[in-house]
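One file, data.cif, is given below (mmCIF, C-alpha atoms and all ligand atoms).
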data_query
loop_
_atom_site.label_atom_id
_atom_site.label_comp_id
_atom_site.auth_asym_id
_atom_site.auth_seq_id
_atom_site.Cartn_x
_atom_site.Cartn_y
_atom_site.Cartn_z
CA MET W 1 4.08 13.03 -25.17
CA GLN W 2 1.43 15.01 -23.30
CA PHE W 3 0.86 14.01 -19.67
CA PHE W 4 -2.03 15.14 -17.50
CA ILE W 5 -2.02 14.90 -13.70
CA PRO W 6 -5.48 15.44 -12.24
CA LYS W 7 -6.27 16.30 -8.62
CA GLU W 8 -7.29 13.38 -6.45
CA THR W 9 -11.07 13.21 -6.15
CA SER W 10 -11.41 11.28 -2.89
CA THR W 11 -12.08 13.62 0.02
CA ASP W 12 -10.16 11.19 2.28
CA GLU W 13 -6.97 11.55 0.26
CA THR W 14 -4.30 13.83 1.64
CA ARG W 15 -1.51 12.60 -0.62
CA VAL W 16 -0.60 14.09 -3.98
CA SER W 17 0.42 11.89 -6.92
CA VAL W 18 3.21 14.00 -8.41
CA ILE W 19 5.32 16.72 -6.78
CA PRO W 20 7.34 19.39 -8.64
CA VAL W 21 10.71 17.66 -8.38
CA THR W 22 9.30 14.77 -10.45
CA ILE W 23 7.81 17.23 -12.94
CA SER W 24 11.29 18.72 -13.52
CA LYS W 25 12.70 15.24 -14.07
CA LEU W 26 10.01 14.31 -16.60
CA VAL W 27 10.24 17.65 -18.42
CA LYS W 28 14.00 17.06 -18.78
CA LEU W 29 13.20 13.72 -20.42
CA GLY W 30 11.10 15.56 -22.99
CA ALA W 31 7.61 15.07 -21.55
CA LYS W 32 5.00 17.83 -21.71
CA ILE W 33 3.21 17.98 -18.37
CA CYS W 34 -0.08 19.60 -17.52
CA VAL W 35 -1.37 19.50 -13.93
CA GLU W 36 -4.84 20.33 -12.69
CA THR W 37 -5.02 23.55 -10.72
CA GLY W 38 -4.82 22.90 -6.98
CA LEU W 39 -3.09 19.52 -7.41
CA GLY W 40 -0.62 20.20 -4.60
CA THR W 41 -2.98 22.01 -2.20
CA PRO W 42 -3.27 19.16 0.36
CA ILE W 43 0.48 19.33 1.02
CA HIS W 44 0.85 23.09 0.51
CA ILE W 45 2.41 23.01 -2.95
CA SER W 46 1.10 25.85 -5.13
CA ASP W 47 0.34 26.02 -8.85
CA ASP W 48 3.31 28.40 -9.09
CA ASP W 49 5.61 25.67 -7.76
CA TYR W 50 4.41 23.35 -10.56
CA LEU W 51 4.79 26.15 -13.13
CA ALA W 52 8.35 26.75 -11.93
CA ALA W 53 9.08 23.04 -12.42
CA GLY W 54 7.98 23.26 -16.07
CA ALA W 55 4.32 22.19 -15.98
CA THR W 56 1.33 24.01 -17.40
CA ILE W 57 -1.85 24.39 -15.35
CA ALA W 58 -5.28 23.20 -16.47
CA THR W 59 -8.52 24.54 -15.09
CA ASP W 60 -10.73 22.40 -17.35
CA ARG W 61 -10.22 18.84 -16.11
CA LYS W 62 -12.34 17.10 -18.77
CA ALA W 63 -10.59 18.94 -21.63
CA ALA W 64 -7.15 18.09 -20.23
CA LEU W 65 -8.15 14.44 -19.81
CA SER W 66 -9.40 14.21 -23.38
CA THR W 67 -6.18 15.54 -24.93
CA ALA W 68 -3.65 13.66 -22.75
CA ASP W 69 -1.55 10.80 -24.10
CA ALA W 70 -0.91 9.68 -20.53
CA VAL W 71 -2.59 10.30 -17.18
CA LEU W 72 -0.76 9.86 -13.88
CA ARG W 73 -2.58 9.75 -10.56
CA LEU W 74 -2.69 8.09 -7.19
CA ARG W 75 -6.12 6.53 -6.63
CA LYS W 76 -8.12 4.62 -9.21
CA PRO W 77 -9.84 6.84 -11.79
CA PRO W 78 -13.54 7.67 -11.36
CA LEU W 79 -15.53 5.38 -13.66
CA ASP W 80 -17.28 8.30 -15.34
CA GLU W 81 -13.96 9.82 -16.47
CA ILE W 82 -12.77 6.83 -18.50
CA ALA W 83 -14.85 7.59 -21.58
CA ALA W 84 -13.34 11.09 -21.70
CA MET W 85 -9.86 9.69 -22.31
CA LYS W 86 -8.23 9.29 -25.73
CA ARG W 87 -8.17 5.77 -27.22
CA GLY W 88 -4.66 4.44 -26.86
CA ALA W 89 -3.86 6.71 -23.92
CA LEU W 90 -1.87 5.37 -20.96
CA HIS W 91 -3.25 5.56 -17.42
CA VAL W 92 -1.04 4.87 -14.39
CA SER W 93 -2.50 4.71 -10.86
CA TYR W 94 -3.59 2.35 -8.12
CA LEU W 95 -6.40 0.31 -9.65
CA ASP W 96 -7.36 -2.50 -7.26
CA PRO W 97 -7.97 -4.73 -10.32
CA PHE W 98 -8.88 -7.80 -8.25
CA ASN W 99 -11.98 -5.97 -7.02
CA GLN W 100 -12.69 -3.19 -9.55
CA HIS W 101 -14.14 -5.35 -12.29
CA GLU W 102 -16.40 -2.70 -13.82
CA LEU W 103 -13.53 -0.25 -13.96
CA VAL W 104 -11.20 -2.76 -15.64
CA HIS W 105 -13.86 -3.57 -18.26
CA ALA W 106 -14.42 0.17 -18.87
CA LEU W 107 -10.68 0.82 -19.32
CA ALA W 108 -10.42 -2.04 -21.82
CA ALA W 109 -13.53 -0.90 -23.71
CA ALA W 110 -12.16 2.67 -23.93
CA GLY W 111 -8.89 1.36 -25.40
CA VAL W 112 -6.89 2.75 -22.48
CA SER W 113 -3.59 1.09 -21.50
CA ALA W 114 -4.03 0.90 -17.75
CA VAL W 115 -1.12 0.22 -15.43
CA SER W 116 -1.89 -0.82 -11.85
CA MET W 117 0.68 0.42 -9.37
CA GLU W 118 -0.24 -2.43 -6.96
CA MET W 119 0.86 -4.93 -9.58
CA ILE W 120 4.40 -3.65 -10.15
CA PRO W 121 6.44 -6.86 -9.76
CA ARG W 122 8.39 -7.17 -6.49
CA THR W 123 11.75 -7.50 -8.25
CA THR W 124 15.05 -5.76 -7.66
CA VAL W 125 14.84 -3.74 -10.88
CA ALA W 126 11.29 -2.57 -10.10
CA GLN W 127 11.98 -1.59 -6.48
CA LYS W 128 12.25 2.11 -7.33
CA MET W 129 8.69 2.03 -8.76
CA ASP W 130 7.21 -0.12 -6.01
CA ALA W 131 4.46 2.01 -4.49
CA LEU W 132 3.11 -0.84 -2.35
CA SER W 133 6.45 -0.89 -0.57
CA SER W 134 7.00 2.86 -0.38
CA GLN W 135 3.57 3.40 1.16
CA ALA W 136 3.53 0.29 3.38
CA ASN W 137 6.87 1.35 4.83
CA LEU W 138 5.40 4.70 5.90
CA GLY W 139 2.21 2.98 7.07
CA GLY W 140 4.28 0.82 9.41
CA TYR W 141 5.91 3.91 10.87
CA VAL W 142 2.56 5.68 11.32
CA ALA W 143 1.01 2.61 12.99
CA VAL W 144 3.64 2.77 15.73
CA MET W 145 3.24 6.54 16.10
CA LEU W 146 -0.53 6.11 16.48
CA ALA W 147 -0.08 3.30 18.98
CA ALA W 148 2.45 5.30 21.00
CA SER W 149 0.20 8.34 21.17
CA SER W 150 -2.84 6.22 22.13
CA SER W 151 -1.04 4.18 24.79
CA PRO W 152 -0.88 5.29 28.43
CA LEU W 153 2.68 3.87 28.57
CA VAL W 154 6.05 5.15 27.39
CA PHE W 155 7.94 2.80 25.06
CA PRO W 156 11.53 2.81 26.39
CA MET W 157 12.89 1.37 29.58
CA MET W 158 13.83 4.19 31.95
CA MET W 159 15.78 3.89 35.17
CA THR W 160 15.02 7.01 37.15
CA PRO W 161 15.29 7.97 40.84
CA SER W 162 11.50 7.75 40.93
CA GLY W 163 11.52 4.17 39.80
CA THR W 164 12.29 1.86 36.92
CA ILE W 165 9.97 1.84 33.94
CA ARG W 166 9.81 -1.39 31.98
CA PRO W 167 9.79 -1.12 28.19
CA ALA W 168 6.44 -1.41 26.47
CA ARG W 169 5.87 -4.77 24.85
CA VAL W 170 4.95 -4.59 21.17
CA PHE W 171 3.78 -7.57 19.14
CA VAL W 172 3.80 -7.27 15.34
CA ILE W 173 1.83 -9.85 13.34
CA GLY W 174 2.81 -9.97 9.68
CA VAL W 175 6.34 -8.95 8.80
CA GLY W 176 6.30 -7.71 5.23
CA VAL W 177 7.38 -4.18 4.39
CA ALA W 178 4.97 -2.52 6.85
CA GLY W 179 5.72 -4.97 9.64
CA LEU W 180 9.48 -4.55 9.27
CA GLN W 181 9.15 -0.78 9.52
CA ALA W 182 6.80 -1.13 12.51
CA ILE W 183 9.40 -3.30 14.25
CA ALA W 184 12.23 -0.89 13.43
CA THR W 185 10.22 2.13 14.60
CA ALA W 186 9.10 0.47 17.85
CA LYS W 187 12.69 -0.61 18.51
CA ARG W 188 13.94 2.94 17.90
CA LEU W 189 11.46 4.09 20.54
CA GLY W 190 12.90 1.53 22.94
CA ALA W 191 10.10 -1.02 23.06
CA SER W 192 10.59 -4.73 23.57
CA VAL W 193 9.39 -6.12 20.26
CA PHE W 194 8.07 -9.57 19.29
CA ALA W 195 6.92 -10.56 15.82
CA PHE W 196 5.36 -13.40 13.87
CA ASP W 197 4.88 -14.21 10.18
CA THR W 198 3.84 -17.39 8.40
CA ARG W 199 6.81 -17.09 6.03
CA PRO W 200 9.74 -18.76 7.82
CA VAL W 201 12.32 -16.67 5.88
CA VAL W 202 11.22 -13.66 7.90
CA GLU W 203 12.73 -14.93 11.16
CA GLU W 204 16.22 -13.77 10.19
CA GLN W 205 14.97 -10.28 9.24
CA VAL W 206 13.09 -9.93 12.53
CA LYS W 207 16.18 -10.91 14.51
CA SER W 208 18.40 -8.54 12.53
CA LEU W 209 16.22 -5.68 13.76
CA GLY W 210 16.74 -6.75 17.36
CA ALA W 211 13.24 -8.16 17.82
CA LYS W 212 12.25 -11.65 18.92
CA PHE W 213 10.58 -14.03 16.49
CA VAL W 214 7.65 -15.99 17.87
CA LYS W 215 7.87 -19.56 16.58
CA VAL W 216 4.67 -21.43 15.81
CA ASP W 217 4.57 -24.74 14.00
CA LEU W 218 1.76 -24.42 11.47
CA GLY W 219 3.00 -27.16 9.16
CA GLU W 220 3.57 -26.29 5.50
CA THR W 221 3.26 -22.49 4.97
CA GLY W 222 5.84 -20.95 2.62
CA GLN W 223 5.54 -18.21 0.03
CA THR W 224 4.77 -17.67 -3.65
CA ALA W 225 7.42 -16.96 -6.29
CA GLN W 226 6.70 -13.23 -5.80
CA GLY W 227 7.42 -13.55 -2.06
CA TYR W 228 3.79 -13.31 -0.95
CA ALA W 229 2.41 -15.48 1.83
CA LYS W 230 0.34 -18.49 0.84
CA GLU W 231 -3.17 -18.54 2.27
CA LEU W 232 -3.46 -20.69 5.41
CA THR W 233 -6.03 -23.44 5.70
CA ALA W 234 -8.85 -22.98 8.22
CA GLU W 235 -7.11 -25.43 10.59
CA GLN W 236 -3.77 -23.61 10.31
CA LEU W 237 -5.44 -20.28 11.00
CA GLU W 238 -7.17 -21.71 14.07
CA LYS W 239 -3.84 -23.03 15.33
CA GLN W 240 -2.25 -19.64 14.71
CA ARG W 241 -4.96 -17.82 16.68
CA ALA W 242 -4.46 -20.15 19.63
CA ALA W 243 -0.71 -19.47 19.59
CA MET W 244 -1.15 -15.70 19.13
CA ALA W 245 -3.68 -15.39 21.97
CA GLU W 246 -1.01 -15.72 24.65
CA GLN W 247 1.35 -13.26 22.95
CA CYS W 248 -1.44 -10.73 22.47
CA ALA W 249 -2.52 -11.01 26.12
CA GLU W 250 1.02 -10.15 27.23
CA ALA W 251 1.46 -7.26 24.80
CA ASP W 252 0.79 -3.58 25.48
CA ILE W 253 0.57 -2.91 21.75
CA VAL W 254 -0.39 -5.27 18.93
CA ILE W 255 0.11 -4.19 15.31
CA THR W 256 -1.36 -6.45 12.64
CA THR W 257 -0.27 -6.15 9.00
CA ALA W 258 -1.04 -9.64 7.66
CA GLN W 259 -2.21 -9.78 4.07
CA VAL W 260 -2.53 -12.43 1.38
CA PHE W 261 -2.09 -10.77 -2.03
CA GLY W 262 -5.33 -10.49 -4.00
CA ARG W 263 -7.44 -11.98 -1.20
CA LYS W 264 -9.32 -10.81 1.89
CA SER W 265 -6.99 -10.44 4.88
CA PRO W 266 -7.08 -13.32 7.38
CA VAL W 267 -8.82 -12.73 10.72
CA ILE W 268 -6.05 -13.43 13.21
CA MET W 269 -7.28 -11.69 16.36
CA THR W 270 -10.74 -12.61 17.51
CA THR W 271 -12.69 -10.32 19.83
CA ALA W 272 -12.11 -12.85 22.63
CA MET W 273 -8.35 -12.39 22.14
CA VAL W 274 -8.71 -8.60 22.36
CA GLU W 275 -10.80 -8.97 25.51
CA LYS W 276 -7.97 -10.91 27.15
CA MET W 277 -5.55 -7.97 26.75
CA ARG W 278 -4.94 -5.56 29.65
CA ALA W 279 -7.21 -2.49 29.65
CA GLY W 280 -5.24 0.45 28.24
CA SER W 281 -3.57 -1.71 25.60
CA VAL W 282 -3.74 -0.70 21.95
CA VAL W 283 -4.34 -2.73 18.79
CA VAL W 284 -3.66 -1.22 15.35
CA ASP W 285 -5.22 -3.18 12.49
CA MET W 286 -3.23 -2.14 9.44
CA ALA W 287 -5.10 -4.64 7.27
CA VAL W 288 -8.48 -3.04 7.98
CA GLU W 289 -8.93 -1.81 4.38
CA GLY W 290 -8.54 -5.35 3.07
CA GLY W 291 -11.11 -6.86 5.42
CA GLY W 292 -9.09 -6.65 8.65
CA ASN W 293 -6.95 -8.96 10.80
CA VAL W 294 -8.90 -8.06 13.94
CA GLU W 295 -12.47 -9.26 14.23
CA CYS W 296 -13.71 -6.16 16.06
CA SER W 297 -11.82 -3.45 14.14
CA ARG W 298 -13.96 -0.99 12.16
CA LEU W 299 -12.76 0.89 9.10
CA GLY W 300 -11.97 4.50 9.98
CA GLU W 301 -12.84 4.06 13.64
CA GLU W 302 -11.38 3.62 17.10
CA VAL W 303 -13.31 0.89 18.92
CA ASP W 304 -13.16 0.39 22.69
CA VAL W 305 -13.23 -3.26 23.77
CA ARG W 306 -13.21 -3.40 27.59
CA GLY W 307 -10.66 -0.61 27.74
CA VAL W 308 -8.54 -1.89 24.83
CA LYS W 309 -8.38 0.60 21.96
CA VAL W 310 -8.68 -1.02 18.54
CA LEU W 311 -7.61 1.43 15.83
CA GLY W 312 -8.89 0.77 12.32
CA TYR W 313 -7.79 3.90 10.52
CA ALA W 314 -7.55 3.84 6.74
CA ASN W 315 -4.79 5.37 4.65
CA LEU W 316 -2.07 5.50 7.29
CA PRO W 317 0.52 6.84 4.79
CA GLY W 318 -1.87 9.76 4.26
CA ARG W 319 -1.07 10.83 7.83
CA VAL W 320 2.45 11.67 6.68
CA ALA W 321 1.15 13.01 3.39
CA ARG W 322 4.14 15.08 2.37
CA THR W 323 6.60 12.23 2.72
CA ALA W 324 4.15 9.72 1.24
CA SER W 325 3.57 12.01 -1.77
CA GLN W 326 7.30 12.38 -2.27
CA MET W 327 7.74 8.59 -2.29
CA TYR W 328 4.75 7.89 -4.57
CA SER W 329 5.80 10.66 -6.94
CA ASN W 330 9.29 9.12 -7.13
CA ASN W 331 7.69 5.73 -7.92
CA LEU W 332 5.66 7.23 -10.79
CA GLY W 333 8.62 9.26 -12.07
CA ASN W 334 10.86 6.19 -12.03
CA PHE W 335 8.22 4.19 -13.88
CA VAL W 336 8.01 6.79 -16.66
CA GLU W 337 11.78 7.13 -16.84
CA HIS W 338 12.27 3.35 -17.00
CA PHE W 339 10.02 2.97 -20.04
CA TRP W 340 10.98 6.26 -21.71
CA ASP W 341 12.04 5.92 -25.32
CA LYS W 342 14.44 8.72 -26.25
CA GLU W 343 13.95 8.36 -29.99
CA SER W 344 10.21 8.85 -30.00
CA SER W 345 10.33 11.02 -26.85
CA SER W 346 7.50 8.99 -25.36
CA LEU W 347 6.77 6.24 -22.90
CA LYS W 348 6.74 2.94 -24.74
CA VAL W 349 4.10 0.45 -23.66
CA ASP W 350 5.61 -2.89 -24.56
CA PRO W 351 3.25 -5.65 -23.39
CA LYS W 352 6.04 -8.19 -23.95
CA ASP W 353 8.37 -6.55 -21.41
CA SER W 354 8.23 -8.69 -18.25
CA LEU W 355 7.97 -5.74 -15.88
CA MET W 356 5.24 -4.12 -17.98
CA GLN W 357 3.49 -7.46 -18.34
CA GLY W 358 3.19 -7.73 -14.55
CA CYS W 359 1.36 -4.43 -14.10
CA LEU W 360 -0.37 -3.68 -17.42
CA ILE W 361 -4.01 -4.64 -16.95
CA THR W 362 -5.65 -3.42 -20.16
CA HIS W 363 -4.16 -2.68 -23.60
CA SER W 364 -5.42 -2.37 -27.19
CA GLY W 365 -9.04 -2.80 -26.14
CA GLU W 366 -8.44 -5.96 -24.13
CA ILE W 367 -7.78 -7.15 -20.59
CA CYS W 368 -4.21 -8.23 -21.25
CA HIS W 369 -3.20 -9.27 -17.71
CA GLU W 370 -3.61 -13.03 -17.57
CA ASN W 371 -4.60 -13.41 -13.90
CA ILE W 372 -7.05 -10.53 -14.00
CA ARG W 373 -8.56 -11.74 -17.28
CA THR W 374 -9.06 -15.22 -15.81
CA LEU W 375 -10.60 -13.77 -12.65
CA LEU W 376 -12.94 -11.50 -14.59
CA GLN W 377 -14.00 -14.28 -16.94
CA ALA W 378 -14.89 -16.38 -13.91
CA THR W 379 -17.01 -13.57 -12.43
CA PRO W 380 -18.92 -11.86 -15.24
CA LEU W 381 -20.41 -8.44 -14.52
CA LYS W 382 -24.04 -8.39 -13.41
CA SER W 383 -26.14 -6.55 -16.00
P1 LIG J 401 1.83 -8.19 2.32
O1 LIG J 401 1.37 -6.80 2.57
O2 LIG J 401 1.21 -8.97 1.21
O3 LIG J 401 1.62 -9.04 3.66
C1 LIG J 401 2.16 -8.60 4.88
C2 LIG J 401 2.75 -9.76 5.61
O4 LIG J 401 1.72 -10.57 6.13
C3 LIG J 401 3.60 -10.70 4.77
O5 LIG J 401 4.91 -10.75 5.30
C4 LIG J 401 2.90 -12.03 4.86
O6 LIG J 401 3.78 -13.13 4.87
C5 LIG J 401 2.19 -11.89 6.18
N1 LIG J 401 1.07 -12.81 6.43
C6 LIG J 401 0.13 -13.31 5.61
N2 LIG J 401 -0.71 -14.12 6.27
C7 LIG J 401 -0.30 -14.12 7.56
C8 LIG J 401 -0.77 -14.75 8.73
N3 LIG J 401 -1.83 -15.56 8.73
N4 LIG J 401 -0.10 -14.52 9.88
C9 LIG J 401 0.99 -13.74 9.94
N5 LIG J 401 1.47 -13.10 8.85
C10 LIG J 401 0.84 -13.30 7.68
O7 LIG J 401 3.41 -8.24 2.18
P2 LIG J 401 4.39 -7.16 1.55
O8 LIG J 401 4.88 -6.23 2.57
O9 LIG J 401 3.72 -6.57 0.36
O10 LIG J 401 5.58 -8.08 1.11
C11 LIG J 401 5.33 -9.22 0.30
C12 LIG J 401 6.60 -9.86 -0.13
O11 LIG J 401 7.25 -9.10 -1.12
C13 LIG J 401 7.63 -10.08 0.96
O12 LIG J 401 8.26 -11.31 0.73
C14 LIG J 401 8.61 -8.97 0.74
O13 LIG J 401 9.88 -9.25 1.26
C15 LIG J 401 8.61 -8.96 -0.76
N6 LIG J 401 9.08 -7.69 -1.33
C16 LIG J 401 10.08 -7.77 -2.25
C17 LIG J 401 10.51 -6.60 -2.84
C18 LIG J 401 11.58 -6.66 -3.86
O14 LIG J 401 12.31 -7.62 -3.96
N7 LIG J 401 11.67 -5.68 -4.68
C19 LIG J 401 9.98 -5.39 -2.50
C20 LIG J 401 8.96 -5.37 -1.53
C21 LIG J 401 8.51 -6.54 -0.96
#
As structure tokens, how would this structure be written, given the file I've shared?
Amino acid sequence: MQFFIPKETSTDETRVSVIPVTISKLVKLGAKICVETGLGTPIHISDDDYLAAGATIATDRKAALSTADAVLRLRKPPLDEIAAMKRGALHVSYLDPFNQHELVHALAAAGVSAVSMEMIPRTTVAQKMDALSSQANLGGYVAVMLAASSSPLVFPMMMTPSGTIRPARVFVIGVGVAGLQAIATAKRLGASVFAFDTRPVVEEQVKSLGAKFVKVDLGETGQTAQGYAKELTAEQLEKQRAAMAEQCAEADIVITTAQVFGRKSPVIMTTAMVEKMRAGSVVVDMAVEGGGNVECSRLGEEVDVRGVKVLGYANLPGRVARTASQMYSNNLGNFVEHFWDKESSSLKVDPKDSLMQGCLITHSGEICHENIRTLLQATPLKS
């Protein structure tokens, strides 16, 4: 089976989809791998490193795309490259299928079997392929690093002859994978950490990291079968904001990570809440790419609100690109290995397999993912 790994096209992307150690693993399985020249440049991996791992190097991207049985990459494919792919080829990448309707239609029309890395089920067996988790974990770490370097305070308590320094107070809103890592990182730095999530099961996890869980009675909240938060009603969200306002005002750092899968992120911090924080405090809105948890955050920017810095940087894992590439590459490699069929020496796309079913969006000329198909049928493309 011939794989092609193109360079990322987004100028904002510092991560690399596949690193040489994964190439070696896939070559050992029996895969033939071709990578686009310069693939590893953003993280200082040379073409020679890929050659040494057993890949070949392509200089003609279109030609390599048109002959590949499978394409692996990080970000969604450019729309104008879909038609160049072979019918029946497999494409594995982030896809954002809830929002990229035109792209999903194009992949189906081209007969491409498209796997969305965001849709890998959150199950024990799929953990090793779970790119949402591997990247969110690093994002949580980076959020704390950014906050620490933007804050005029140190994080740990220090008792020195010159005086006692109180620990910085960090408040984390949303305790999924990113939030848990943010708590752990802030704790390691010595901060006093508080956290809140609408899923009650999280309280135990927060406490096990040595942080304090902020209790708010919002009535029925809960989570979906996949472990995702259920969307709050407008009244619940209003109640949450009122309860969070006090916590935010007391915090030196607020990190928001709250997301509702497949939907716009809830606005949890209003500008009035930011204005009530002490000047010099820092807010990191990790949900900014999904609409934002903080009313005044701006994608890719640092906004000053009466002396409070509101950081809305995109692609936080990209700030630790080498580690993030290693993790994403492992996720892709594990995906290929999991579905590898030794007999045919190829990756078998079995739409009946429950793991595959969860993340396969298009197959055999159709949108095969039930939720995405329903969503797309409800919102037909504008001609
Ligand atoms: P996510 O990125 O979808 O959301 C981040 C957090 O925001 C979640 O904890 C969510 O409950 C919270 N949230 C939503 N609305 C909120 C609000 N109004 N206020 C405060 N918090 C709010 O979450 P994620 O990190 O992708 O994790 C989703 C779930 O998947 C979790 O239950 C996690 O434990 C689970 N998970 C399971 C596995 C596995 O079993 N393999 C792997 C990874 C994650």
Report, in Å to a single decimal, how far apart atom CA of W:Leu146 and atom CA of W:Gly307 are.
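So the answer is 16.6 Å.
Atom pair atom C4 of ligand LIG 401 (chain J) / atom CA of W:Thr198 has a distance of 6.5 Å (rounded to one decimal).
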Return as an NGL selection string every polymer residue, whether protein, DNA or RNA, with at least one atom no more than 7 Å from an atom of ligand LIG 401 (chain J); count all atoms listed in the file.
:W and (122-124 or 126-127 or 130 or 132-133 or 136 or 173-179 or 196-199 or 226-229 or 231-232 or 237 or 257-261 or 266 or 268)
Which residue, W:Pro156, W:Ser151, W:Ala279, W:Glu102, has the smallest gap to W:Ile367 when you use all atoms listed in the file?
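Using all atoms listed in the file, W:Ile367 sits closest to W:Glu102.
Nearest to W:Lys76 of all the residues W:Asn137, W:Glu13, W:Gly38, W:Val202 is W:Glu13, counting only C-alpha atoms.
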Would you pick out the contacts of stretch 297-304 of chain W at 7 Å or less, using all atoms listed in the file, so that residues sharing its chain but fewer than 6 positions from it are not included, and give the list as an MDAnalysis selection string?
chainID W and resid 285 288:289 310:314
Give me, as a ChimeraX atom specification, all polymer residues having an atom no more than 12 Å from W:Val27, counting only C-alpha atoms and skipping those fewer than 3 positions away in the same chain.
/W:1-3,20-24,30-34,50-56,333,336-337,340,345-346
Counting only C-alpha atoms, the residue of W:Leu26, W:Phe4, W:Lys230, W:Gly280 that sits nearest W:Leu39
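Of all the options, W:Phe4 lies closest to W:Leu39.
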Could you tell me how far atom CA of W:Val193 sits from atom CA of W:Gly139, in Å to one decimal place?
17.6 Å
Using only C-alpha atoms, can you tell me which of W:Val284, W:Val294, W:Val201, W:Val170 comes closest to W:Ala251?
W:Val170
Shortest interatomic distance to W:Pro97 - which of W:Ala110, W:Val115, W:Val216, W:Val267, counting only C-alpha atoms
W:Val115
Contacts of W:Cys359 within 8 Å, all atoms listed in the file, excl. fewer than 5 positions in-chain, as a PyMOL selection string
chain W and resi 115-121+369
Please tell me which residues are no farther than 9 Å from (-15.1, -6.6, -11.3) in the file, counting only C-alpha atoms, and write them as an MDAnalysis selection string.
chainID W and resid 97:105 375:376 379:381
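All residues of protein, DNA or RNA that reach within 12 Å of W:Lys352, judged by all atoms listed in the file and not counting those fewer than 5 positions away in the chain, are Gln357, Gly358, Cys359, Leu360, His363, Cys368 and His369 of chain W.
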List as an mmCIF file with C-alpha atoms, in the frame of the given file the protein and nucleic acid residues near W:Ile183, meaning an atom at most 8 Å away when only C-alpha atoms are counted, but skip any in the same chain fewer than 5 places from it.
data_model
loop_
_atom_site.group_PDB
_atom_site.id
_atom_site.type_symbol
_atom_site.label_atom_id
_atom_site.label_comp_id
_atom_site.auth_asym_id
_atom_site.auth_seq_id
_atom_site.Cartn_x
_atom_site.Cartn_y
_atom_site.Cartn_z
ATOM 1 C CA VAL W 172 3.800 -7.270 15.340
ATOM 2 C CA VAL W 193 9.390 -6.120 20.260
ATOM 3 C CA ALA W 195 6.920 -10.560 15.820
ATOM 4 C CA VAL W 206 13.090 -9.930 12.530
ATOM 5 C CA LEU W 209 16.220 -5.680 13.760
ATOM 6 C CA ALA W 211 13.240 -8.160 17.820
#
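Among the candidate residues W:Gly262, W:Phe194, W:Gly365, W:Leu153, the one lying nearest to W:Cys248 is W:Phe194, with distances computed using all atoms listed in the file.
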